[in-house]
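All remarks here apply to the structure that follows.
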Amino acid sequence: MSVAQVFDINQAAAMYIVEAKEGVFAVVASAAAHLKWRQLGRELGLRQIHLAATDVVKNRTGYDVGTVGPLF
C-alpha cells in the first residue's frame, strides 16, 4: 500500500499561526496549496502578515510549532 492511498493531502488542512499589525490569527488552508502571503493579507485586510514566532505560537496555543493541536 502506498502513502498516497493512506493519506490524501488534497483532503487535508494545515493551520498557520500568523502575526500582523492587527494581531495574531489562526489561518486554516488546504495542505496541498501554496499560500500567497501578500494576497492572503490583502484579502483578510491585514498588514505585514508573517508566520508567528515560535514563542508567540506556544504562548497563544499552548503547543510547540509543528505539533498537532486542536482546531480552535
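Simple scheme: letters A, B, ... for chains in C-alpha cells order, numbers from 1 for residues in each chain, numbers from 1 for ligands in the order shown.
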Give the alpha helix (DSSP H) residues of chain A, as DSSP finds them on the backbone, and put them as number ranges by chain.
A: 3-6, 37-44, 54-61
Interface rows for region 29-53 of chain A against region 9-17 of chain A: nearest pair, Å to one decimal, 9 Å, only C-alpha atoms, as a tab-separated table:
```
residue	atom	partner	partner_atom	distance
A:Ala29	CA	A:Ala14	CA	5.5
A:Ser30	CA	A:Ala13	CA	4.5
A:Ala31	CA	A:Ala13	CA	4.6
A:Ala32	CA	A:Asn10	CA	5.4
A:Ala33	CA	A:Asn10	CA	8.4
A:His50	CA	A:Ile17	CA	8.7
A:Leu51	CA	A:Ile17	CA	6.1
A:Ala52	CA	A:Ile17	CA	5.7
A:Ala53	CA	A:Ile17	CA	8.8
```
Might you pull out every residue within 10 Å of region 56-60 of chain A, with only C-alpha atoms counted and same-chain residues fewer than 6 positions away left off, and present them as a list in words?
Tyr16, Ile17, Val18, Glu19, Val24, Phe25 and Ala26 of chain A
All strand (DSSP E or B) residues (DSSP, backbone) inside chain A, as a VMD selection string:
chain A and resid 13 to 20 23 to 30 50 to 51
For Gln48 (chain A), please output as an MDAnalysis selection string all residues within 8 Å (counting only C-alpha atoms; exclusion window: fewer than 5 positions along the same chain).
chainID A and resid 19:21 41
Would you write out those residues with N, CA, C and O atoms, as a PDB file, in the first residue's frame?
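This went into again-v4.pdb:
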```
ATOM      1  N   GLU A  19       1.123  36.459  12.436  1.00  0.00           N
ATOM      2  CA  GLU A  19       1.102  37.762  13.087  1.00  0.00           C
ATOM      3  C   GLU A  19       0.947  38.829  12.010  1.00  0.00           C
ATOM      4  O   GLU A  19       1.440  38.677  10.895  1.00  0.00           O
ATOM      5  N   ALA A  20       0.266  39.891  12.369  1.00  0.00           N
ATOM      6  CA  ALA A  20       0.125  41.055  11.514  1.00  0.00           C
ATOM      7  C   ALA A  20       0.059  42.265  12.434  1.00  0.00           C
ATOM      8  O   ALA A  20      -0.044  42.119  13.659  1.00  0.00           O
ATOM      9  N   LYS A  21       0.104  43.439  11.873  1.00  0.00           N
ATOM     10  CA  LYS A  21      -0.003  44.649  12.696  1.00  0.00           C
ATOM     11  C   LYS A  21      -1.283  44.630  13.521  1.00  0.00           C
ATOM     12  O   LYS A  21      -1.337  45.181  14.608  1.00  0.00           O
ATOM     13  N   GLY A  41      -2.990  38.427   3.054  1.00  0.00           N
ATOM     14  CA  GLY A  41      -3.080  39.620   3.879  1.00  0.00           C
ATOM     15  C   GLY A  41      -4.055  40.636   3.316  1.00  0.00           C
ATOM     16  O   GLY A  41      -4.880  41.200   4.048  1.00  0.00           O
TER      17      GLY A  41
END
```
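Atom pair CA of Glu43 (chain A) / CA of Thr61 (chain A) has a distance of 24.1 Å (rounded to one decimal).
Across the structure, CA of Leu40 (chain A) and CA of Val28 (chain A) are spaced 11.5 Å apart.
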